[in-house]
Amino acid sequence: MASLVGSRVERKEDGRFLQGKGRYTADINIANQTYAIFVRSPHARAKIKSVDTSKALKSSGVVGVLTGKEIAEDKIGGLIAGWAIRSEDGSEMKVPANPPLAKDIANFVGEPIAVVFAETLDEAKEGAEKVKVDYKVLKAVVDPADAMKSEAIHDGVDKNLCYDWLLGDRKAVDEAFAKADKIIKVDLINNRLVPNAMEPRACVVDYNTASEEITLYTTSQNPHLSRLVMSAFGGVAPENKLRVVAPDVGGGFGSKINVYNEEIVCSWASKKIERPIKWVAERTESFLTDTHGRDHVTHAELAVSNDGKFLGFKNETIANLGAYARVFGTVTPTYLFGPCATGVYTIPAAYSNVKAVYTNTAPVDAYRGAGRPEATYTIERLVEKAAMELGIDKTEIRMKNFPSEFPFKQTLVHTVDSGDYVAGLEKAKQMADYAGFEARRKKSEANGKLRGIGVSSYFEACGIAPSAAVMSLGCGVGLWESAEVRFNPTGQISVFTGAHSHGQSHDTTFAQIAADELGVPMENVDVVHGDTDKGTFGMGTYGSRSLTVGGIAIVNACKKIVAKGKRVAAKMLEVNEDEIEFKDGEFVALKSNKKKTIGEVAFACYLPGQRDEMKSPIPEGDEPGLIESSFFDPANFSFPAGSHICEVEIDPDTGNVKVEKYTAVDDFGRIVNPMIVEGQVHGGIAQGIGQALHENTQYDETGQLMTASYMDYTMPRADNFPEFNLGFTCTHATSNPLGVKGCGEAGAIASPPTVMNAVIDALGGQEISMPATAEKVWKACKTMKKSNAKAA
Amino acid sequence: MTKVTLEVNGKKVSKEVPDHTLLSVFLRDNLNLTGTHVGCDTSQCGACVVHVNGKSIKSCSTLAADIDGSKVTTIEGLAKNGKLHPMQEAFKKTHGLQCGFCTPGMVMSAVDLLQTKKNPSEQEIREWLEGNICRCTGYQNIVAAVKEASTKM
């Protein structure tokens, strides 16, 4: 039987999505439901003096109005930071309380203050207009670079500093720098982004007054985690009285990891008003209150020798957490960032120092890549600048500093199990016709255009798991993943996974894996996810972990099915277990060549009795049925890596940057479905090009979000991109039996520095910050013209 | 309240709705045709694109009452007799969708492109789809889907 793993299998989920049959949260309606509208702070920082709900309560159709006072009285807990990070001096991080409805103070524009429930959406909106909040507006802290010098916005958080974290050895770095021929320096801003999943956040809550169970339908990447947080920290309901369903979810990119205020409030309120509740965010609400990404201010230095060897690296970063620390807020700029900041290079000495600050802006958390794009941008800008200043070819300087063997003990934390960085870069050079670039540059010049080429080589630590590692670094939970495989009596198989698909194609990929393991047609396998009432438990999908952790749990559960099947088949075929071989869905007695299909064995597993001639096939000590589960917790992260090359052409008259060519060569280990992997890479590259050239989140000095709709925030469109040219190399991961590494984030990690290196190359080395908009580039072109004229 | 009568996916429907009811709301809330999605409120994202009298429009910025008497086709009405439309087939074949949220609008917009222009170039496809935002695919396989469909339609 041909292996499904490795095949370009069309997706099982497409039929429903292409015919409008997807079932997203906003598509769900429950009889007798009310509609929720949140009253949100219009100020970035303000004391809440009073909230008057009397007029709203009398408004037509209004069923109830609840505020921070009631939620505090009911002792409903707030939102949490998932990772405890310690400062360099050993002190604990400072985390302010984040109540679901602000009672005393509002800390960002859009923070919910009260909620109105009404019979119709229009009536809820009208009721919300009538809630009168008396604010005392305070001076907002907006710029992360100034936050430590500003008034503290949270009680007990001196200098607005959450932590001052260090990874690495300052003394060793100083010594390395003292021996260097040259120090390369960069000052970088990693621009703040809004993840912008196309489906706005939403929740529908149904409280069953008989069973006292709350069912929450929500736009979540990790429904079990939502239930855990809402139960353990929110006290909304015991876990066994809270069912969280994340049905079809329209993209996440990190912004749907967190449990949000609205979900906690509506779940709590549904029990209080004894009515179902529906809430759907408008796009501007999403802009204001979804967690944002990136937002670093970085100074970094690379010590080099004249022949291009890297000797030392230092990185001083201020990371903006926004108003509150959320689930991945504190780890994204530390352990997801610092260890990767030395990139794919052997650098003898390094440190990363990160000061995470609070500001009166929306909370900042994981966004596709989470910390690793910021890290890659830092090192790859330095490397490119080093090549330019030392007059060494940009690919040669990288090759010179790649590790010579694997496992590669990376400078700060990770031991990278496998890779071949030279092969990746060589392949990228060939595919991009790197050698032919100068001719293309001259051709552009002849047309009055500026052409540049940029390279970046990256690695990332993903497959976010090893519980032992992440818990030692401060994670509040273990990050294993679970699976349950149910072989039903009639031959159909249900695979339950704790991972969650919101575009990643698990229905297909996981079915490919399970079908291969069990030797059955893929059509017989259904993948079930996203419902805490179905399957075991799960930590959800983020950090390119679904396949590397969740997929392996499925493999292991399938192996248990086969192991039991062997015992049962042996009894059915009246031979010893070690005389049975399992191949292509059949248990074969080696000597007699008698066979039982896995379907027959499964059916027999449900018939444990004896009647007439038929004997029980269940061996002594085994139980009936054919259902197995597995929790997989790998020994290490996985480490995808690769090299990307981009060519841009700039029109100096308009400042317009055109991405002419984009080549990506990635090593994701073994690939289950090349078609799906390519799609993941395309999407990641597009988001990274968006960061480099188009997207920016802008607050004004009072903390008003200036880019709060698609009119003002530039989302990349189809005509912003060329066709991306993809290639792959393959070294297997050693930390899991499939040898897979994960592919979800790589594109977004590698592409911002690749594009910016190309833009800066075209501008003759002139530094420019992301996003390289036409205005900035046009100004840089003018400066370049002036300095060229002077030189002449 | 206004009485709105439309022919939606070949079926005549008539509903009394508030005057300000948007076509997207009419389809989703009054007819339970939830395949038409709403991804923004400013007529930018295109998840809500449907056909009105054969032409693609954004249903989130169209009043239902304004198109009274029109023929509307939504994503639910594209497949005929259980057979996918060539554009739907092409999206499946080329992996032109991931999370599926922008997909209904993207497909409806792309169908109108091929009705308007038989064999569009890659650049023409990219420019036509400028009013449809996708966050997952980087558009590459969507463009491939439209090219693929153009050989079948």
# chains A, B, ... in the order shown; residues from 1 in each chain; ligands from 1
call {"tool": "select_by_dssp", "arguments": {"residues": "region 643-774 of chain A", "states": "helix (DSSP H, G or I)", "output": "NGL selection string"}}
result
:A and (674-694 or 718-720 or 746-762 or 774)
call {"tool": "write_last_selection", "arguments": {"atoms": "N, CA and C atoms", "output": "compact mmCIF listing (two decimals), in the first residue's frame"}}
result
# COMPACT_ATOMS: atom_id res chain seq x y z
N PRO A 674 2.96 17.80 1.27
CA PRO A 674 3.69 18.93 0.69
C PRO A 674 2.78 20.09 0.29
N MET A 675 1.59 19.78 -0.21
CA MET A 675 0.67 20.84 -0.65
C MET A 675 0.30 21.75 0.53
N ILE A 676 0.02 21.12 1.66
CA ILE A 676 -0.38 21.89 2.84
C ILE A 676 0.81 22.66 3.41
N VAL A 677 1.97 22.05 3.41
CA VAL A 677 3.17 22.72 3.92
C VAL A 677 3.49 23.95 3.06
N GLU A 678 3.40 23.80 1.76
CA GLU A 678 3.66 24.96 0.89
C GLU A 678 2.68 26.09 1.22
N GLY A 679 1.43 25.75 1.44
CA GLY A 679 0.42 26.76 1.79
C GLY A 679 0.78 27.48 3.07
N GLN A 680 1.28 26.73 4.06
CA GLN A 680 1.69 27.36 5.32
C GLN A 680 2.85 28.32 5.09
N VAL A 681 3.79 27.92 4.24
CA VAL A 681 4.96 28.79 3.98
C VAL A 681 4.52 30.05 3.23
N HIS A 682 3.67 29.87 2.23
CA HIS A 682 3.16 31.06 1.50
C HIS A 682 2.56 32.07 2.47
N GLY A 683 1.69 31.58 3.34
CA GLY A 683 0.98 32.47 4.26
C GLY A 683 1.93 33.16 5.21
N GLY A 684 2.91 32.41 5.70
CA GLY A 684 3.89 33.00 6.63
C GLY A 684 4.72 34.06 5.96
N ILE A 685 5.17 33.79 4.74
CA ILE A 685 5.98 34.78 4.01
C ILE A 685 5.15 36.05 3.79
N ALA A 686 3.89 35.86 3.42
CA ALA A 686 3.03 37.02 3.15
C ALA A 686 2.88 37.88 4.41
N GLN A 687 2.72 37.22 5.56
CA GLN A 687 2.60 38.00 6.79
C GLN A 687 3.90 38.72 7.11
N GLY A 688 5.03 38.06 6.83
CA GLY A 688 6.32 38.70 7.07
C GLY A 688 6.57 39.86 6.13
N ILE A 689 6.19 39.71 4.87
CA ILE A 689 6.33 40.83 3.93
C ILE A 689 5.39 41.95 4.36
N GLY A 690 4.22 41.58 4.88
CA GLY A 690 3.30 42.58 5.44
C GLY A 690 3.99 43.39 6.52
N GLN A 691 4.69 42.70 7.43
CA GLN A 691 5.39 43.42 8.50
C GLN A 691 6.49 44.31 7.92
N ALA A 692 7.23 43.80 6.95
CA ALA A 692 8.37 44.54 6.42
C ALA A 692 7.95 45.76 5.61
N LEU A 693 6.86 45.64 4.86
CA LEU A 693 6.55 46.71 3.90
C LEU A 693 5.23 47.46 4.15
N HIS A 694 4.29 46.84 4.84
CA HIS A 694 2.94 47.42 4.85
C HIS A 694 2.35 47.72 6.21
N ALA A 718 -3.57 40.73 -2.64
CA ALA A 718 -3.02 39.81 -3.65
C ALA A 718 -2.00 40.49 -4.56
N ASP A 719 -2.21 41.79 -4.84
CA ASP A 719 -1.30 42.43 -5.79
C ASP A 719 -0.05 43.01 -5.12
N ASN A 720 0.17 42.67 -3.84
CA ASN A 720 1.41 43.09 -3.18
C ASN A 720 2.53 42.05 -3.34
N ALA A 746 7.58 29.41 10.15
CA ALA A 746 8.86 29.70 9.50
C ALA A 746 8.79 30.89 8.54
N GLY A 747 7.76 30.93 7.71
CA GLY A 747 7.67 32.00 6.72
C GLY A 747 7.67 33.37 7.36
N ALA A 748 6.92 33.50 8.47
CA ALA A 748 6.81 34.79 9.13
C ALA A 748 8.08 35.14 9.91
N ILE A 749 8.88 34.13 10.21
CA ILE A 749 10.13 34.34 10.95
C ILE A 749 11.23 34.82 10.00
N ALA A 750 11.32 34.16 8.86
CA ALA A 750 12.44 34.44 7.95
C ALA A 750 12.24 35.68 7.08
N SER A 751 10.99 35.98 6.73
CA SER A 751 10.81 36.96 5.66
C SER A 751 11.04 38.43 6.02
N PRO A 752 10.70 38.90 7.24
CA PRO A 752 10.95 40.34 7.47
C PRO A 752 12.42 40.76 7.27
N PRO A 753 13.40 40.04 7.86
CA PRO A 753 14.78 40.47 7.59
C PRO A 753 15.20 40.25 6.14
N THR A 754 14.66 39.22 5.49
CA THR A 754 15.04 38.97 4.09
C THR A 754 14.65 40.17 3.24
N VAL A 755 13.41 40.63 3.43
CA VAL A 755 12.91 41.75 2.64
C VAL A 755 13.64 43.04 3.01
N MET A 756 13.81 43.27 4.33
CA MET A 756 14.46 44.52 4.74
C MET A 756 15.92 44.55 4.31
N ASN A 757 16.59 43.40 4.34
CA ASN A 757 17.97 43.36 3.87
C ASN A 757 18.04 43.72 2.39
N ALA A 758 17.04 43.30 1.65
CA ALA A 758 17.00 43.64 0.22
C ALA A 758 16.74 45.13 0.01
N VAL A 759 15.81 45.68 0.80
CA VAL A 759 15.48 47.11 0.68
C VAL A 759 16.71 47.94 1.03
N ILE A 760 17.37 47.57 2.13
CA ILE A 760 18.53 48.35 2.59
C ILE A 760 19.70 48.18 1.61
N ASP A 761 19.81 47.02 1.01
CA ASP A 761 20.82 46.80 -0.04
C ASP A 761 20.56 47.73 -1.22
N ALA A 762 19.29 47.83 -1.60
CA ALA A 762 18.94 48.70 -2.73
C ALA A 762 19.23 50.16 -2.39
N ALA A 774 6.26 53.53 1.15
CA ALA A 774 6.72 54.36 0.03
C ALA A 774 7.25 55.71 0.52
call {"tool": "residues_around", "arguments": {"residues": "region 300-308 of chain A", "least_positions_apart": "6", "cutoff": "8 Å", "atoms": "only C-alpha atoms", "output": "tab-separated table (two decimals) with N, CA and C atoms, in the first residue's frame"}}
result
chain	number	residue	atom	x	y	z
A	176	ALA	N	34.86	39.02	24.83
A	176	ALA	CA	34.83	38.76	23.39
A	176	ALA	C	34.87	40.08	22.61
A	177	PHE	N	34.12	41.05	23.10
A	177	PHE	CA	34.07	42.34	22.40
A	177	PHE	C	35.44	43.03	22.45
A	180	ALA	N	37.65	41.98	19.62
A	180	ALA	CA	37.11	42.06	18.25
A	180	ALA	C	37.84	43.09	17.40
A	181	ASP	N	37.86	42.84	16.08
A	181	ASP	CA	38.39	43.84	15.16
A	181	ASP	C	37.36	44.94	14.93
A	182	LYS	N	36.11	44.55	14.98
A	182	LYS	CA	35.06	45.51	14.62
A	182	LYS	C	33.78	45.17	15.38
A	183	ILE	N	33.04	46.19	15.75
A	183	ILE	CA	31.75	45.98	16.39
A	183	ILE	C	30.66	46.52	15.44
A	184	ILE	N	29.74	45.65	15.09
A	184	ILE	CA	28.63	46.04	14.21
A	184	ILE	C	27.43	46.36	15.13
A	185	LYS	N	26.78	47.50	14.88
A	185	LYS	CA	25.69	47.90	15.78
A	185	LYS	C	24.41	48.19	14.99
A	186	VAL	N	23.30	47.82	15.55
A	186	VAL	CA	22.01	48.22	14.95
A	186	VAL	C	21.04	48.69	16.04
A	187	ASP	N	20.23	49.66	15.67
A	187	ASP	CA	19.09	50.06	16.50
A	187	ASP	C	17.83	49.75	15.71
A	314	LYS	N	25.48	40.87	21.65
A	314	LYS	CA	24.67	41.38	22.77
A	314	LYS	C	23.41	42.06	22.25
A	315	ASN	N	22.40	42.00	23.07
A	315	ASN	CA	21.09	42.48	22.64
A	315	ASN	C	20.39	43.09	23.84
A	316	GLU	N	20.06	44.37	23.73
A	316	GLU	CA	19.32	45.06	24.80
A	316	GLU	C	17.97	45.45	24.21
A	378	THR	N	16.77	40.68	14.39
A	378	THR	CA	17.91	41.29	15.07
A	378	THR	C	19.23	40.73	14.52
A	382	LEU	N	22.08	42.35	11.71
A	382	LEU	CA	23.48	42.51	12.09
A	382	LEU	C	24.41	41.80	11.11
A	383	VAL	N	24.04	40.59	10.75
A	383	VAL	CA	24.90	39.79	9.87
A	383	VAL	C	25.04	40.47	8.50
A	386	ALA	N	27.22	43.41	8.85
A	386	ALA	CA	28.61	43.00	9.01
A	386	ALA	C	29.21	42.67	7.65
A	387	ALA	N	28.45	41.94	6.82
A	387	ALA	CA	28.94	41.58	5.48
A	387	ALA	C	29.26	42.85	4.69
A	390	LEU	N	32.35	44.69	6.22
A	390	LEU	CA	33.62	43.97	6.06
A	390	LEU	C	33.94	43.68	4.60
A	392	ILE	N	32.48	41.44	2.70
A	392	ILE	CA	32.42	39.99	2.44
A	392	ILE	C	31.04	39.68	1.86
A	397	ILE	N	29.65	35.06	4.40
A	397	ILE	CA	29.84	35.34	5.83
A	397	ILE	C	28.93	34.43	6.67
A	400	LYS	N	30.43	30.87	6.70
A	400	LYS	CA	31.62	30.88	7.55
A	400	LYS	C	31.29	30.66	9.02
call {"tool": "closest_atom_pairs", "arguments": {"of": "chain A", "to": "chain B", "cutoff": "8 Å", "atoms": "only C-alpha atoms", "output": "JSON lines"}}
result
{"residue": "A:Glu10", "atom": "CA", "partner": "B:Lys93", "partner_atom": "CA", "distance": 6.5}
{"residue": "A:Arg11", "atom": "CA", "partner": "B:Lys92", "partner_atom": "CA", "distance": 7.1}
{"residue": "A:Asp14", "atom": "CA", "partner": "B:Lys92", "partner_atom": "CA", "distance": 6.2}
{"residue": "A:Gly15", "atom": "CA", "partner": "B:Lys92", "partner_atom": "CA", "distance": 7.9}
{"residue": "A:Phe17", "atom": "CA", "partner": "B:Gly100", "partner_atom": "CA", "distance": 5.3}
{"residue": "A:Leu18", "atom": "CA", "partner": "B:Gln88", "partner_atom": "CA", "distance": 6.0}
{"residue": "A:Gln19", "atom": "CA", "partner": "B:Glu76", "partner_atom": "CA", "distance": 5.3}
{"residue": "A:Gly20", "atom": "CA", "partner": "B:Gly35", "partner_atom": "CA", "distance": 3.6}
{"residue": "A:Lys21", "atom": "CA", "partner": "B:Gly35", "partner_atom": "CA", "distance": 6.1}
{"residue": "A:Gly22", "atom": "CA", "partner": "B:Gly35", "partner_atom": "CA", "distance": 7.0}
{"residue": "A:Asp27", "atom": "CA", "partner": "B:Thr34", "partner_atom": "CA", "distance": 5.7}
{"residue": "A:Asn196", "atom": "CA", "partner": "B:Arg135", "partner_atom": "CA", "distance": 7.4}
{"residue": "A:Ala197", "atom": "CA", "partner": "B:Arg135", "partner_atom": "CA", "distance": 6.4}
{"residue": "A:Met198", "atom": "CA", "partner": "B:Gly39", "partner_atom": "CA", "distance": 5.6}
{"residue": "A:Glu199", "atom": "CA", "partner": "B:Gly39", "partner_atom": "CA", "distance": 5.7}
{"residue": "A:Pro200", "atom": "CA", "partner": "B:Gly39", "partner_atom": "CA", "distance": 6.3}
{"residue": "A:Asp248", "atom": "CA", "partner": "B:Cys99", "partner_atom": "CA", "distance": 7.9}
{"residue": "A:Val249", "atom": "CA", "partner": "B:Cys99", "partner_atom": "CA", "distance": 6.8}
{"residue": "A:Gly250", "atom": "CA", "partner": "B:Cys99", "partner_atom": "CA", "distance": 5.0}
{"residue": "A:Gly251", "atom": "CA", "partner": "B:Cys99", "partner_atom": "CA", "distance": 5.5}
{"residue": "A:Glu282", "atom": "CA", "partner": "B:Cys40", "partner_atom": "CA", "distance": 6.7}
{"residue": "A:Arg283", "atom": "CA", "partner": "B:Cys40", "partner_atom": "CA", "distance": 4.9}
{"residue": "A:Thr284", "atom": "CA", "partner": "B:Cys40", "partner_atom": "CA", "distance": 8.0}
{"residue": "A:His502", "atom": "CA", "partner": "B:Cys99", "partner_atom": "CA", "distance": 5.3}
{"residue": "A:Gly503", "atom": "CA", "partner": "B:Cys99", "partner_atom": "CA", "distance": 3.5}
{"residue": "A:Gln504", "atom": "CA", "partner": "B:Gln98", "partner_atom": "CA", "distance": 6.6}
{"residue": "A:Ser505", "atom": "CA", "partner": "B:Gln98", "partner_atom": "CA", "distance": 6.9}
{"residue": "A:Met675", "atom": "CA", "partner": "B:His95", "partner_atom": "CA", "distance": 7.0}
{"residue": "A:Ile676", "atom": "CA", "partner": "B:His95", "partner_atom": "CA", "distance": 7.2}
{"residue": "A:Gly679", "atom": "CA", "partner": "B:Thr137", "partner_atom": "CA", "distance": 5.9}
{"residue": "A:Gln680", "atom": "CA", "partner": "B:Thr137", "partner_atom": "CA", "distance": 7.0}
{"residue": "A:His682", "atom": "CA", "partner": "B:Gly138", "partner_atom": "CA", "distance": 5.1}
{"residue": "A:Gly683", "atom": "CA", "partner": "B:Gly138", "partner_atom": "CA", "distance": 4.3}
{"residue": "A:Gly684", "atom": "CA", "partner": "B:Gly138", "partner_atom": "CA", "distance": 7.4}
{"residue": "A:Ile685", "atom": "CA", "partner": "B:Gly138", "partner_atom": "CA", "distance": 7.2}
{"residue": "A:Ala686", "atom": "CA", "partner": "B:Gly138", "partner_atom": "CA", "distance": 4.9}
{"residue": "A:Gln687", "atom": "CA", "partner": "B:Gly138", "partner_atom": "CA", "distance": 7.5}
{"residue": "A:Ser709", "atom": "CA", "partner": "B:Thr42", "partner_atom": "CA", "distance": 7.6}
{"residue": "A:Tyr710", "atom": "CA", "partner": "B:Gln44", "partner_atom": "CA", "distance": 6.2}
{"residue": "A:Met711", "atom": "CA", "partner": "B:Thr42", "partner_atom": "CA", "distance": 7.3}
{"residue": "A:Met715", "atom": "CA", "partner": "B:Ile133", "partner_atom": "CA", "distance": 7.4}
{"residue": "A:Pro716", "atom": "CA", "partner": "B:Ile133", "partner_atom": "CA", "distance": 7.5}
{"residue": "A:Arg717", "atom": "CA", "partner": "B:Glu130", "partner_atom": "CA", "distance": 5.6}
{"residue": "A:Ala718", "atom": "CA", "partner": "B:Arg126", "partner_atom": "CA", "distance": 4.9}
{"residue": "A:Asp719", "atom": "CA", "partner": "B:Arg126", "partner_atom": "CA", "distance": 4.7}
{"residue": "A:Phe721", "atom": "CA", "partner": "B:Gly138", "partner_atom": "CA", "distance": 7.9}
{"residue": "A:Glu723", "atom": "CA", "partner": "B:Gln140", "partner_atom": "CA", "distance": 6.3}
{"residue": "A:Phe724", "atom": "CA", "partner": "B:Gln140", "partner_atom": "CA", "distance": 7.5}
call {"tool": "write_last_selection", "arguments": {"atoms": "N, CA and C atoms", "output": "compact mmCIF listing (two decimals), in the first residue's frame"}}
result
# COMPACT_ATOMS: atom_id res chain seq x y z
N GLU A 10 -5.67 15.97 -1.30
CA GLU A 10 -6.59 17.11 -1.20
C GLU A 10 -7.27 17.10 0.17
N ARG A 11 -7.72 18.27 0.60
CA ARG A 11 -8.17 18.39 2.00
C ARG A 11 -9.60 17.88 2.21
N ASP A 14 -12.26 20.82 2.86
CA ASP A 14 -12.61 21.81 1.83
C ASP A 14 -14.07 21.77 1.38
N GLY A 15 -14.64 20.59 1.36
CA GLY A 15 -16.03 20.47 0.90
C GLY A 15 -16.95 21.39 1.66
N PHE A 17 -16.12 24.05 3.61
CA PHE A 17 -15.75 25.47 3.51
C PHE A 17 -16.12 26.07 2.16
N LEU A 18 -15.99 25.28 1.11
CA LEU A 18 -16.23 25.81 -0.23
C LEU A 18 -17.70 25.96 -0.56
N GLN A 19 -18.55 25.34 0.25
CA GLN A 19 -19.98 25.43 -0.03
C GLN A 19 -20.73 26.25 1.02
N GLY A 20 -19.97 26.97 1.83
CA GLY A 20 -20.62 27.80 2.85
C GLY A 20 -21.20 27.00 3.99
N LYS A 21 -20.69 25.77 4.18
CA LYS A 21 -21.23 24.92 5.24
C LYS A 21 -20.34 24.92 6.48
N GLY A 22 -19.26 25.68 6.47
CA GLY A 22 -18.43 25.80 7.67
C GLY A 22 -19.32 26.28 8.81
N ASP A 27 -21.94 31.79 13.38
CA ASP A 27 -23.03 31.13 12.64
C ASP A 27 -24.00 30.42 13.59
N ASN A 196 -5.01 40.04 13.15
CA ASN A 196 -6.03 40.14 12.11
C ASN A 196 -6.44 38.82 11.46
N ALA A 197 -6.77 37.83 12.28
CA ALA A 197 -7.46 36.66 11.73
C ALA A 197 -8.72 37.20 11.06
N MET A 198 -9.09 36.64 9.91
CA MET A 198 -10.22 37.21 9.18
C MET A 198 -11.55 37.04 9.91
N GLU A 199 -11.65 36.00 10.73
CA GLU A 199 -12.87 35.85 11.53
C GLU A 199 -12.71 36.66 12.81
N PRO A 200 -13.56 37.65 13.04
CA PRO A 200 -13.48 38.39 14.30
C PRO A 200 -13.82 37.46 15.48
N ASP A 248 -15.46 25.55 13.80
CA ASP A 248 -14.57 26.07 12.77
C ASP A 248 -14.12 27.46 13.22
N VAL A 249 -12.83 27.68 13.17
CA VAL A 249 -12.27 28.96 13.60
C VAL A 249 -11.51 29.57 12.43
N GLY A 250 -11.84 30.81 12.15
CA GLY A 250 -11.30 31.47 10.96
C GLY A 250 -9.98 32.16 11.17
N GLY A 251 -8.96 31.35 11.44
CA GLY A 251 -7.61 31.90 11.63
C GLY A 251 -7.39 32.30 13.06
N GLU A 282 -17.06 43.45 16.41
CA GLU A 282 -16.93 44.20 15.16
C GLU A 282 -15.43 44.32 14.90
N ARG A 283 -15.05 44.61 13.67
CA ARG A 283 -13.62 44.62 13.33
C ARG A 283 -12.84 45.61 14.20
N THR A 284 -13.42 46.76 14.46
CA THR A 284 -12.70 47.73 15.27
C THR A 284 -12.51 47.23 16.70
N HIS A 502 -7.34 25.73 12.86
CA HIS A 502 -8.04 26.95 12.40
C HIS A 502 -7.38 27.42 11.11
N GLY A 503 -7.20 26.42 10.22
CA GLY A 503 -6.58 26.68 8.92
C GLY A 503 -5.43 25.71 8.64
N GLN A 504 -4.97 25.01 9.69
CA GLN A 504 -3.78 24.17 9.54
C GLN A 504 -4.04 22.83 8.86
N SER A 505 -5.29 22.47 8.62
CA SER A 505 -5.62 21.27 7.84
C SER A 505 -5.45 19.95 8.61
N MET A 675 1.59 19.78 -0.21
CA MET A 675 0.67 20.84 -0.65
C MET A 675 0.30 21.75 0.53
N ILE A 676 0.02 21.12 1.66
CA ILE A 676 -0.38 21.89 2.84
C ILE A 676 0.81 22.66 3.41
N GLY A 679 1.43 25.75 1.44
CA GLY A 679 0.42 26.76 1.79
C GLY A 679 0.78 27.48 3.07
N GLN A 680 1.28 26.73 4.06
CA GLN A 680 1.69 27.36 5.32
C GLN A 680 2.85 28.32 5.09
N HIS A 682 3.67 29.87 2.23
CA HIS A 682 3.16 31.06 1.50
C HIS A 682 2.56 32.07 2.47
N GLY A 683 1.69 31.58 3.34
CA GLY A 683 0.98 32.47 4.26
C GLY A 683 1.93 33.16 5.21
N GLY A 684 2.91 32.41 5.70
CA GLY A 684 3.89 33.00 6.63
C GLY A 684 4.72 34.06 5.96
N ILE A 685 5.17 33.79 4.74
CA ILE A 685 5.98 34.78 4.01
C ILE A 685 5.15 36.05 3.79
N ALA A 686 3.89 35.86 3.42
CA ALA A 686 3.03 37.02 3.15
C ALA A 686 2.88 37.88 4.41
N GLN A 687 2.72 37.22 5.56
CA GLN A 687 2.60 38.00 6.79
C GLN A 687 3.90 38.72 7.11
N SER A 709 -9.01 50.14 11.82
CA SER A 709 -9.89 49.50 10.83
C SER A 709 -9.07 49.19 9.60
N TYR A 710 -9.66 48.48 8.65
CA TYR A 710 -8.94 48.17 7.41
C TYR A 710 -8.81 49.40 6.51
N MET A 711 -9.43 50.50 6.91
CA MET A 711 -9.22 51.74 6.17
C MET A 711 -7.83 52.31 6.51
N MET A 715 -3.56 45.92 5.33
CA MET A 715 -3.48 44.47 5.19
C MET A 715 -2.93 44.17 3.80
N PRO A 716 -1.98 43.26 3.71
CA PRO A 716 -1.45 42.92 2.39
C PRO A 716 -2.52 42.30 1.49
N ARG A 717 -2.49 42.68 0.23
CA ARG A 717 -3.47 42.20 -0.75
C ARG A 717 -2.75 41.36 -1.81
N ALA A 718 -3.57 40.73 -2.64
CA ALA A 718 -3.02 39.81 -3.65
C ALA A 718 -2.00 40.49 -4.56
N ASP A 719 -2.21 41.79 -4.84
CA ASP A 719 -1.30 42.43 -5.79
C ASP A 719 -0.05 43.01 -5.12
N PHE A 721 2.19 40.90 -3.89
CA PHE A 721 3.17 39.81 -3.87
C PHE A 721 3.48 39.26 -5.25
N GLU A 723 4.92 35.61 -7.21
CA GLU A 723 4.77 34.19 -6.89
C GLU A 723 6.01 33.77 -6.11
N PHE A 724 5.81 33.16 -4.94
CA PHE A 724 6.95 32.73 -4.13
C PHE A 724 7.50 31.42 -4.69
call {"tool": "atom_distance", "arguments": {"atom1": "CA of Pro96 (chain A)", "atom2": "CA of His154 (chain A)"}}
result
6.4 Å
call {"tool": "atom_distance", "arguments": {"atom1": "CA of Glu73 (chain A)", "atom2": "CA of Ala237 (chain A)"}}
result
15.6 Å
call {"tool": "select_by_dssp", "arguments": {"residues": "region 224-346 of chain A", "states": "strand (DSSP E or B)", "output": "PyMOL selection string"}}
result
chain A and resi 242-245+248+277-280+292-293+296-304+310-322
call {"tool": "residues_around", "arguments": {"residues": "Ile57 (chain B)", "least_positions_apart": "3", "cutoff": "10 Å", "atoms": "only C-alpha atoms", "output": "count of residues only"}}
result
16
call {"tool": "atom_distance", "arguments": {"atom1": "CA of Lys560 (chain A)", "atom2": "CA of Ile464 (chain A)"}}
result
24.4 Å
call {"tool": "residues_around", "arguments": {"residues": "Met539 (chain A)", "least_positions_apart": "6", "cutoff": "8 Å", "atoms": "only C-alpha atoms", "output": "list in words"}}
result
Asn222, His224, Leu225, Leu479, Trp480, Glu481, Gly498 and Ala499 of chain A
call {"tool": "write_last_selection", "arguments": {"atoms": "C-alpha atoms", "output": "PDB file, in the first residue's frame"}}
result
ATOM      1  CA  ASN A 222      -7.154  25.893  22.539  1.00  0.00           C
ATOM      2  CA  HIS A 224      -9.231  22.931  26.851  1.00  0.00           C
ATOM      3  CA  LEU A 225      -6.889  25.665  27.964  1.00  0.00           C
ATOM      4  CA  LEU A 479       2.829  21.310  27.088  1.00  0.00           C
ATOM      5  CA  TRP A 480       2.317  17.691  26.054  1.00  0.00           C
ATOM      6  CA  GLU A 481      -0.470  16.778  23.662  1.00  0.00           C
ATOM      7  CA  GLY A 498      -6.175  18.101  21.663  1.00  0.00           C
ATOM      8  CA  ALA A 499      -4.678  20.215  18.896  1.00  0.00           C
TER       9      ALA A 499
END
